[in-house]
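Enquirer: I'm passing along query-v1.pdb; it holds PDB, C-alpha atoms.
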ATOM      1  CA  LEU I   1    -154.487  48.758 -12.744
ATOM      2  CA  LEU I   2    -152.821  51.794 -11.189
ATOM      3  CA  ASP I   3    -154.563  50.983  -7.931
ATOM      4  CA  LYS I   4    -152.703  47.683  -7.775
ATOM      5  CA  LEU I   5    -149.284  49.220  -8.530
ATOM      6  CA  PRO I   6    -148.283  50.062  -4.903
ATOM      7  CA  THR I   7    -149.136  46.548  -3.818
ATOM      8  CA  GLU I   8    -147.224  45.018  -6.733
ATOM      9  CA  TRP I   9    -144.244  47.279  -6.047
ATOM     10  CA  GLU I  10    -144.171  46.350  -2.384
ATOM     11  CA  ALA I  11    -144.271  42.656  -3.283
ATOM     12  CA  PHE I  12    -141.427  43.211  -5.731
ATOM     13  CA  ARG I  13    -139.352  45.035  -3.089
ATOM     14  CA  THR I  14    -140.007  42.245  -0.611
ATOM     15  CA  MET I  15    -138.862  39.696  -3.181
ATOM     16  CA  LEU I  16    -135.670  41.683  -3.864
ATOM     17  CA  LEU I  17    -134.882  41.950  -0.152
ATOM     18  CA  SER I  18    -135.449  38.228   0.228
ATOM     19  CA  LEU I  19    -133.186  37.506  -2.731
ATOM     20  CA  GLU I  20    -130.544  39.864  -1.355
ATOM     21  CA  LYS I  21    -130.702  38.078   2.000
ATOM     22  CA  ASP I  22    -130.452  34.693   0.275
ATOM     23  CA  LEU I  23    -127.520  35.963  -1.787
ATOM     24  CA  GLU I  24    -125.687  37.191   1.312
ATOM     25  CA  GLN I  25    -126.259  33.862   3.010
ATOM     26  CA  ALA I  26    -125.028  32.014  -0.063
ATOM     27  CA  LYS I  27    -122.016  34.322  -0.244
ATOM     28  CA  LYS I  28    -121.231  33.707   3.429
ATOM     29  CA  GLY I  29    -121.653  29.962   2.932
ATOM     30  CA  PHE I  30    -119.292  30.007  -0.024
ATOM     31  CA  TYR I  31    -116.817  32.163   1.903
ATOM     32  CA  ASP I  32    -116.860  29.714   4.817
ATOM     33  CA  PHE I  33    -116.452  26.747   2.458
ATOM     34  CA  PHE I  34    -113.639  28.501   0.605
ATOM     35  CA  SER I  35    -111.911  29.379   3.894
ATOM     36  CA  VAL I  36    -111.914  25.703   4.830
ATOM     37  CA  MET I  37    -110.370  24.856   1.446
ATOM     38  CA  VAL I  38    -107.618  27.444   1.965
ATOM     39  CA  LYS I  39    -106.849  26.221   5.487
ATOM     40  CA  SER I  40    -106.803  22.625   4.298
ATOM     41  CA  PHE I  41    -104.430  23.512   1.466
ATOM     42  CA  SER I  42    -102.155  25.484   3.800
ATOM     43  CA  LYS I  43    -101.994  22.501   6.148
ATOM     44  CA  GLU I  44    -101.219  20.205   3.215
ATOM     45  CA  VAL I  45     -98.312  22.433   2.183
ATOM     46  CA  CYS I  46     -96.951  22.640   5.745
ATOM     47  CA  ASP I  47     -97.245  18.869   6.215
ATOM     48  CA  SER I  48     -95.479  18.289   2.912
ATOM     49  CA  ARG I  49     -92.649  20.589   3.987
ATOM     50  CA  ALA I  50     -92.277  18.717   7.291
ATOM     51  CA  GLN I  51     -92.158  15.382   5.469
ATOM     52  CA  PHE I  52     -89.623  16.776   3.010
ATOM     53  CA  VAL I  53     -87.319  17.924   5.816
ATOM     54  CA  GLU I  54     -87.629  14.514   7.448
ATOM     55  CA  ARG I  55     -86.833  12.602   4.238
ATOM     56  CA  ILE I  56     -84.305  14.945   2.617
ATOM     57  CA  PRO I  57     -81.420  12.807   1.254
ATOM     58  CA  THR I  58     -78.183  14.335   2.533
ATOM     59  CA  THR I  59     -76.144  11.202   3.273
ATOM     60  CA  SER I  60     -74.542   8.497   1.176
ATOM     61  CA  ALA I  61     -77.001   6.025   2.698
ATOM     62  CA  THR I  62     -79.199   7.076  -0.224
ATOM     63  CA  THR I  63     -78.120   5.971  -3.690
ATOM     64  CA  THR I  64     -77.579   8.655  -6.298
ATOM     65  CA  ASP I  65     -80.449   7.427  -8.470
ATOM     66  CA  ASP I  66     -82.852   7.325  -5.510
ATOM     67  CA  ALA I  67     -81.838  10.849  -4.480
ATOM     68  CA  LEU I  68     -82.398  12.228  -7.990
ATOM     69  CA  ARG I  69     -85.755  10.444  -8.143
ATOM     70  CA  PHE I  70     -86.728  12.038  -4.820
ATOM     71  CA  ILE I  71     -85.776  15.470  -6.178
ATOM     72  CA  ASP I  72     -87.918  15.003  -9.306
ATOM     73  CA  GLU I  73     -90.896  13.826  -7.255
ATOM     74  CA  GLU I  74     -90.667  16.773  -4.862
ATOM     75  CA  HIS I  75     -90.348  19.227  -7.752
ATOM     76  CA  ALA I  76     -93.554  17.765  -9.216
ATOM     77  CA  LYS I  77     -95.313  18.279  -5.863
ATOM     78  CA  ILE I  78     -94.257  21.917  -5.712
ATOM     79  CA  GLU I  79     -95.528  22.527  -9.251
ATOM     80  CA  LEU I  80     -98.918  21.098  -8.277
ATOM     81  CA  PHE I  81     -99.003  23.207  -5.113
ATOM     82  CA  GLN I  82     -98.227  26.352  -7.083
ATOM     83  CA  LYS I  83    -100.959  25.639  -9.629
ATOM     84  CA  LYS I  84    -103.470  24.984  -6.853
ATOM     85  CA  ALA I  85    -102.385  28.140  -5.028
ATOM     86  CA  GLN I  86    -102.968  30.233  -8.172
ATOM     87  CA  SER I  87    -106.413  28.696  -8.560
ATOM     88  CA  LEU I  88    -107.300  29.425  -4.942
ATOM     89  CA  TRP I  89    -105.942  32.950  -5.134
ATOM     90  CA  ALA I  90    -108.433  33.766  -7.886
ATOM     91  CA  GLY I  91    -111.270  33.045  -5.439
ATOM     92  CA  MET I  92    -109.510  34.587  -2.448
ATOM     93  CA  SER I  93    -109.160  37.921  -4.247
ATOM     94  CA  ILE I  94    -112.917  38.030  -4.798
ATOM     95  CA  PHE I  95    -113.507  37.887  -1.058
ATOM     96  CA  GLY I  96    -110.613  40.195  -0.222
ATOM     97  CA  MET I  97    -108.814  37.403   1.626
ATOM     98  CA  GLU I  98    -105.151  37.812   2.517
ATOM     99  CA  LYS I  99    -102.791  36.078   0.108
ATOM    100  CA  MET I 100    -101.320  32.826   1.399
ATOM    101  CA  SER I 101     -97.679  32.648   2.439
ATOM    102  CA  ASN I 102     -95.391  30.804   0.031
ATOM    103  CA  LYS I 103     -92.477  30.438   2.466
ATOM    104  CA  GLU I 104     -92.761  26.640   2.773
ATOM    105  CA  ASN I 105     -92.674  26.085  -0.997
ATOM    106  CA  ALA I 106     -89.904  28.657  -1.395
ATOM    107  CA  ALA I 107     -87.812  26.911   1.276
ATOM    108  CA  THR I 108     -88.355  23.527  -0.363
ATOM    109  CA  LEU I 109     -87.431  24.873  -3.791
ATOM    110  CA  LYS I 110     -84.207  26.316  -2.381
ATOM    111  CA  ASP I 111     -83.342  22.989  -0.769
ATOM    112  CA  LEU I 112     -84.183  21.144  -3.986
ATOM    113  CA  ASP I 113     -81.804  23.350  -5.969
ATOM    114  CA  LEU I 114     -79.003  22.557  -3.505
ATOM    115  CA  LEU I 115     -79.857  18.871  -3.530
ATOM    116  CA  LYS I 116     -79.864  18.740  -7.316
ATOM    117  CA  SER I 117     -76.500  20.497  -7.547
ATOM    118  CA  MET I 118     -75.008  18.102  -4.990
ATOM    119  CA  TRP I 119     -76.385  14.856  -6.346
ATOM    120  CA  MET I 120     -75.861  15.746 -10.003
ATOM    121  CA  LEU I 121     -72.209  16.436  -9.218
ATOM    122  CA  LYS I 122     -71.967  13.068  -7.465
ATOM    123  CA  LYS I 123     -73.629  11.432 -10.481
ATOM    124  CA  GLU I 124     -71.149  13.078 -12.842
ATOM    125  CA  TRP I 125     -68.267  11.893 -10.662
ATOM    126  CA  GLU I 126     -69.570   8.330 -10.636
ATOM    127  CA  VAL I 127     -69.960   8.306 -14.416
ATOM    128  CA  SER I 128     -66.495   9.816 -14.872
ATOM    129  CA  PHE I 129     -64.839   7.360 -12.474
ATOM    130  CA  ASP I 130     -66.724   4.396 -13.962
ATOM    131  CA  SER I 131     -65.227   5.233 -17.353
ATOM    132  CA  LEU I 132     -61.721   5.037 -15.854
ATOM    133  CA  LYS I 133     -61.800   2.515 -13.030
ATOM    134  CA  ASP I 134     -61.659  -0.619 -15.183
ATOM    135  CA  GLY I 135     -59.191   0.705 -17.750
ATOM    136  CA  LEU I 136     -55.742  -0.824 -17.973
ATOM    137  CA  PHE I 137     -53.502   0.831 -15.410
ATOM    138  CA  SER I 138     -50.709   1.146 -17.956
ATOM    139  CA  GLU I 139     -52.911   3.179 -20.296
ATOM    140  CA  LEU I 140     -54.202   5.818 -17.871
ATOM    141  CA  ASP I 141     -53.918   9.482 -18.901
ATOM    142  CA  THR I 142     -52.878  10.882 -15.537
ATOM    143  CA  ALA I 143     -52.625  14.497 -16.712
ATOM    144  CA  SER I 144     -56.228  14.497 -17.933
ATOM    145  CA  MET I 145     -57.408  12.702 -14.792
ATOM    146  CA  GLU I 146     -55.663  15.223 -12.543
ATOM    147  CA  SER I 147     -57.214  18.143 -14.425
ATOM    148  CA  SER I 148     -60.687  16.581 -14.225
ATOM    149  CA  ALA I 149     -60.342  15.888 -10.491
ATOM    150  CA  ALA I 150     -59.299  19.513  -9.886
ATOM    151  CA  VAL I 151     -62.463  20.733 -11.648
ATOM    152  CA  PHE I 152     -64.646  18.431  -9.556
ATOM    153  CA  SER I 153     -62.960  19.654  -6.364
ATOM    154  CA  LYS I 154     -63.575  23.272  -7.318
ATOM    155  CA  ARG I 155     -67.250  22.647  -8.037
ATOM    156  CA  LEU I 156     -67.637  20.667  -4.825
ATOM    157  CA  PHE I 157     -66.026  23.442  -2.799
ATOM    158  CA  LYS I 158     -68.464  25.958  -4.294
ATOM    159  CA  ILE I 159     -71.466  23.803  -3.367
ATOM    160  CA  GLY I 160     -69.976  23.239   0.078
ATOM    161  CA  ARG I 161     -70.697  26.810   1.120
ATOM    162  CA  GLU I 162     -74.219  25.627   1.924
ATOM    163  CA  THR I 163     -73.937  21.830   1.986
ATOM    164  CA  LYS I 164     -70.719  21.197   3.927
ATOM    165  CA  GLY I 165     -72.711  19.726   6.796
ATOM    166  CA  TRP I 166     -74.202  17.058   4.549
ATOM    167  CA  GLY I 167     -72.718  13.571   4.781
ATOM    168  CA  VAL I 168     -72.872  13.097   1.015
ATOM    169  CA  TRP I 169     -70.756  16.231   0.520
ATOM    170  CA  ASN I 170     -68.091  15.056   2.952
ATOM    171  CA  ASP I 171     -68.076  11.537   1.498
ATOM    172  CA  LEU I 172     -67.652  12.829  -2.048
ATOM    173  CA  LYS I 173     -64.872  15.150  -0.894
ATOM    174  CA  ASP I 174     -63.060  12.212   0.741
ATOM    175  CA  THR I 175     -63.510  10.140  -2.410
ATOM    176  CA  ILE I 176     -62.139  12.849  -4.698
ATOM    177  CA  ASP I 177     -59.264  13.604  -2.316
ATOM    178  CA  ALA I 178     -58.350   9.893  -2.211
ATOM    179  CA  PHE I 179     -58.519   9.778  -5.999
ATOM    180  CA  LYS I 180     -56.278  12.835  -6.322
ATOM    181  CA  SER I 181     -53.771  11.406  -3.867
ATOM    182  CA  THR I 182     -53.742   8.178  -5.882
ATOM    183  CA  LEU I 183     -52.776   9.916  -9.122
ATOM    184  CA  PRO I 184     -49.117  10.629  -8.228
ATOM    185  CA  LEU I 185     -48.779   6.924  -7.475
ATOM    186  CA  THR I 186     -49.514   6.027 -11.070
ATOM    187  CA  VAL I 187     -46.114   7.293 -12.172
ATOM    188  CA  ASP I 188     -44.307   5.235  -9.558
ATOM    189  CA  LEU I 189     -46.499   2.157  -9.953
ATOM    190  CA  ARG I 190     -45.996   2.192 -13.731
ATOM    191  CA  ASN I 191     -42.212   2.397 -13.402
ATOM    192  CA  PRO I 192     -40.921  -0.418 -15.681
ATOM    193  CA  ALA I 193     -37.880  -0.776 -13.402
ATOM    194  CA  LEU I 194     -40.030  -2.330 -10.666
ATOM    195  CA  ARG I 195     -39.197  -6.007 -10.282
ATOM    196  CA  PRO I 196     -41.063  -8.860  -8.521
ATOM    197  CA  HIS I 197     -39.096  -8.361  -5.303
ATOM    198  CA  HIS I 198     -40.141  -4.700  -5.218
ATOM    199  CA  TRP I 199     -43.781  -5.695  -5.569
ATOM    200  CA  GLU I 200     -43.377  -8.335  -2.875
ATOM    201  CA  GLN I 201     -41.982  -5.708  -0.522
ATOM    202  CA  LEU I 202     -44.926  -3.393  -1.295
ATOM    203  CA  MET I 203     -47.469  -6.167  -0.703
ATOM    204  CA  GLU I 204     -45.800  -6.911   2.607
ATOM    205  CA  ASN I 205     -46.225  -3.267   3.627
ATOM    206  CA  VAL I 206     -49.797  -3.089   2.357
ATOM    207  CA  GLY I 207     -50.707  -6.364   4.024
ATOM    208  CA  GLN I 208     -52.555  -7.649   0.947
ATOM    209  CA  LYS I 209     -51.656  -9.780  -2.070
ATOM    210  CA  PHE I 210     -52.324  -8.585  -5.619
ATOM    211  CA  ASP I 211     -51.021  -9.223  -9.123
ATOM    212  CA  PRO I 212     -49.515  -6.015 -10.600
ATOM    213  CA  TYR I 213     -49.149  -7.708 -13.997
ATOM    214  CA  SER I 214     -52.788  -8.747 -14.242
ATOM    215  CA  HIS I 215     -55.479  -7.011 -16.319
ATOM    216  CA  GLU I 216     -57.357  -6.751 -13.016
ATOM    217  CA  PHE I 217     -54.753  -4.317 -11.684
ATOM    218  CA  THR I 218     -56.866  -1.275 -12.565
ATOM    219  CA  LEU I 219     -57.387   2.157 -11.060
ATOM    220  CA  ASN I 220     -60.344   0.730  -9.160
ATOM    221  CA  LYS I 221     -58.111  -1.985  -7.710
ATOM    222  CA  VAL I 222     -55.546   0.609  -6.612
ATOM    223  CA  ALA I 223     -58.358   2.546  -4.888
ATOM    224  CA  GLU I 224     -59.701  -0.605  -3.217
ATOM    225  CA  LEU I 225     -56.233  -1.453  -1.894
ATOM    226  CA  ARG I 226     -55.886   2.134  -0.628
ATOM    227  CA  LEU I 227     -52.358   2.292  -2.017
ATOM    228  CA  ASP I 228     -52.567   6.064  -1.544
ATOM    229  CA  LEU I 229     -51.927   5.359   2.146
ATOM    230  CA  HIS I 230     -48.570   3.843   1.171
ATOM    231  CA  ALA I 231     -47.365   6.618  -1.123
ATOM    232  CA  THR I 232     -44.038   7.048   0.675
ATOM    233  CA  ILE I 233     -42.942   3.406   0.437
ATOM    234  CA  ILE I 234     -44.114   3.229  -3.190
ATOM    235  CA  SER I 235     -42.026   6.285  -4.091
ATOM    236  CA  GLU I 236     -38.995   4.854  -2.281
ATOM    237  CA  LEU I 237     -39.357   1.502  -4.045
ATOM    238  CA  SER I 238     -39.680   3.210  -7.425
ATOM    239  CA  ILE I 239     -36.556   5.297  -6.851
ATOM    240  CA  ALA I 240     -34.624   2.251  -5.625
ATOM    241  CA  ALA I 241     -35.758   0.215  -8.634
ATOM    242  CA  SER I 242     -34.558   2.900 -11.053
ATOM    243  CA  LYS I 243     -31.181   3.000  -9.330
ATOM    244  CA  GLU I 244     -30.816  -0.760  -9.650
ATOM    245  CA  LEU I 245     -30.919  -0.617 -13.444
TER     246      LEU I 245
END
Would you mind writing the file out in structure tokens?
Expert:
Amino acid sequence: LLDKLPTEWEAFRTMLLSLEKDLEQAKKGFYDFFSVMVKSFSKEVCDSRAQFVERIPTTSATTTDDALRFIDEEHAKIELFQKKAQSLWAGMSIFGMEKMSNKENAATLKDLDLLKSMWMLKKEWEVSFDSLKDGLFSELDTASMESSAAVFSKRLFKIGRETKGWGVWNDLKDTIDAFKSTLPLTVDLRNPALRPHHWEQLMENVGQKFDPYSHEFTLNKVAELRLDLHATIISELSIAASKEL
């Protein structure tokens, strides 16, 4: 039995060397396969970033609901990318591979935060204005409206530090500014001293007909008529009407 031991030992050593060689080959094969997975994932992230930049909603051509839906969908993508990256990193660390860059996802997340702030503010404005636009003009609380508009302007200005170049930011600013400039008109337009001939004179200046005594003469109607562009004549008519009493 002892005579056979050297032969058996040599066979065992040969088997171990063969297994070690097979293991190294398998390890290299897995490393190569894993490298392809990492490169494919990196390309997927880069492509997604490029598509995001191309589709990013920064103009009023996109509806508020569509923009918010886009933001939610892109957030979901980033979450999936981050989970996949963590899973890949577990294997990469085994092979001593360099950790993947997260700059594309980080850039997208930053943009998404800005987008959400911008479009949520626009959504809030739309909801706020919708609650007022169809109310009776005679029942408007101008003091509360002025205070609310000032808050929106302040928040918009803060966001504008990084989004001022966006069309949606500029459009919302114009909308709020027009709304604010309309508010002082409410006092003059609600002056009970105004008579039909005063209204006729205003309509002549505006170039449009409207019924100031109708339930349809709402804040929205005033905005549609752009009466804020005729603030001077409206003030003069109001003052003249008061003097005629």
Enquirer: Got a sec: who's within 12 Å of I:Gly167, counting all atoms listed in the file, leaving out chain neighbours fewer than 3 positions off, as a JSON list (two decimals) with C-alpha atoms, in the coordinates of the input?
Expert:
[["chain", "number", "residue", "atom", "x", "y", "z"],
["I", 56, "ILE", "CA", -84.30, 14.94, 2.62],
["I", 57, "PRO", "CA", -81.42, 12.81, 1.25],
["I", 58, "THR", "CA", -78.18, 14.34, 2.53],
["I", 59, "THR", "CA", -76.14, 11.20, 3.27],
["I", 60, "SER", "CA", -74.54, 8.50, 1.18],
["I", 61, "ALA", "CA", -77.00, 6.02, 2.70],
["I", 62, "THR", "CA", -79.20, 7.08, -0.22],
["I", 118, "MET", "CA", -75.01, 18.10, -4.99],
["I", 119, "TRP", "CA", -76.39, 14.86, -6.35],
["I", 160, "GLY", "CA", -69.98, 23.24, 0.08],
["I", 163, "THR", "CA", -73.94, 21.83, 1.99],
["I", 164, "LYS", "CA", -70.72, 21.20, 3.93],
["I", 170, "ASN", "CA", -68.09, 15.06, 2.95],
["I", 171, "ASP", "CA", -68.08, 11.54, 1.50],
["I", 172, "LEU", "CA", -67.65, 12.83, -2.05],
["I", 173, "LYS", "CA", -64.87, 15.15, -0.89],
["I", 174, "ASP", "CA", -63.06, 12.21, 0.74]]
Enquirer: Need the shell around I:Asp65: protein/DNA/RNA residues with any atom at most 12 Å away, counting all atoms listed in the file. Skip same-chain ones fewer than 2 positions apart. Format as a list in words?
Expert: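 Final neighbour list, sorted by chain and number: Pro57, Ser60, Ala61, Thr62, Thr63, Ala67, Leu68, Arg69, Phe70, Ile71, Asp72, Lys116, Trp119, Met120, Lys122, Lys123, Glu124 and Glu126 of chain I.
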Enquirer: Taking into account only C-alpha atoms, which residue in the set I:Val222, I:Thr175, I:Ala76, I:Ile234 is nearest to I:Trp199?
Expert: I:Ile234
Enquirer: With only C-alpha atoms as the atoms that count, which of I:Ala143, I:Leu237, I:Leu219, I:Val53 lies nearest to I:Ser131?
Expert: I:Leu219
Enquirer: As a check of understanding, name the residues that the PyMOL selection byres ((chain I and resi 84) around 12) selects in the supplied structure, as a list of chain:residue names.
Expert: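 Residues picked by the PyMOL selection byres ((chain I and resi 84) around 12): I:Met37, I:Val38, I:Ser40, I:Phe41, I:Ser42, I:Glu44, I:Val45, I:Lys77, I:Ile78, I:Glu79, I:Leu80, I:Phe81, I:Gln82, I:Lys83, I:Ala85, I:Gln86, I:Ser87, I:Leu88, I:Trp89, I:Ala90, I:Gly91, I:Met100.
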Enquirer: Which residues match the PyMOL selection byres ((chain I and resi 239) around 12) in the file above, as an MDAnalysis selection string?
Expert: chainID I and resid 187:189 191:194 198 232:238 240:245
Enquirer: Smallest atom-to-atom distance to I:Trp125: which of I:Trp166, I:Phe152, I:Phe137, I:Phe179, using all atoms listed in the file?
Expert: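 Using all atoms listed in the file, I:Trp125 sits closest to I:Phe152.
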Enquirer: Please evaluate the PyMOL selection byres ((chain I and resi 106) around 12) against the structure above and give the resulting residues as a list in words.
Expert: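 In the shown coordinates, the PyMOL selection byres ((chain I and resi 106) around 12) covers Val45, Cys46, Arg49, His75, Ile78, Glu79, Phe81, Gln82, Ser101, Asn102, Lys103, Glu104, Asn105, Ala107, Thr108, Leu109, Lys110, Asp111, Leu112 and Asp113 of chain I.
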Enquirer: Looking at I:Leu115, I:His197, I:Trp9, I:Val36, which one is nearest to I:Ile159, with distances taken over all atoms listed in the file?
Expert: I:Leu115
Enquirer: Suppose you want the space between atom CA of I:Ser128 and atom CA of I:Ser214; what is it in Å?
Expert: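 Calculated distance between atom CA of I:Ser128 and atom CA of I:Ser214 is 23.1 Å.
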Enquirer: Smallest atom-to-atom distance to I:Tyr213: which of I:Leu121, I:Leu136, I:Met15, I:Leu23, using all atoms listed in the file?
Expert: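 Residue with the minimum atom-to-atom distance to I:Tyr213: I:Leu136.
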Enquirer: Do you have the atom CA of I:Lys180-atom CA of I:Met145 distance handy?
Expert: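 Rounded to one decimal, the two atoms are 8.5 Å apart.
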Enquirer: Restricting the calculation to all atoms listed in the file, which member of I:Leu229, I:Leu183, I:Leu16, I:Ala50 is positioned closest to I:Ser147?
Expert: I:Leu183
Enquirer: Around stretch 96-102 of chain I, with edges along x, y and z and 3 Å added on all six sides, what centre and edge lengths do you get, in Å to one decimal, as lines of an AutoDock Vina configuration file?
Expert:
center_x = -103.0
center_y = 35.5
center_z = 1.1
size_x = 21.2
size_y = 15.4
size_z = 8.7
Enquirer: Rounded to one decimal, what separation in Å do you get between atom CA of I:Ser35 and atom CA of I:Glu98?
Expert: 10.9 Å
Enquirer: Name the residues in contact with I:Val206 at a cut-off of 8 Å, using only C-alpha atoms, excluding same-chain residues fewer than 6 positions from it; report them as number ranges by chain.
Expert: I: 225, 227, 230
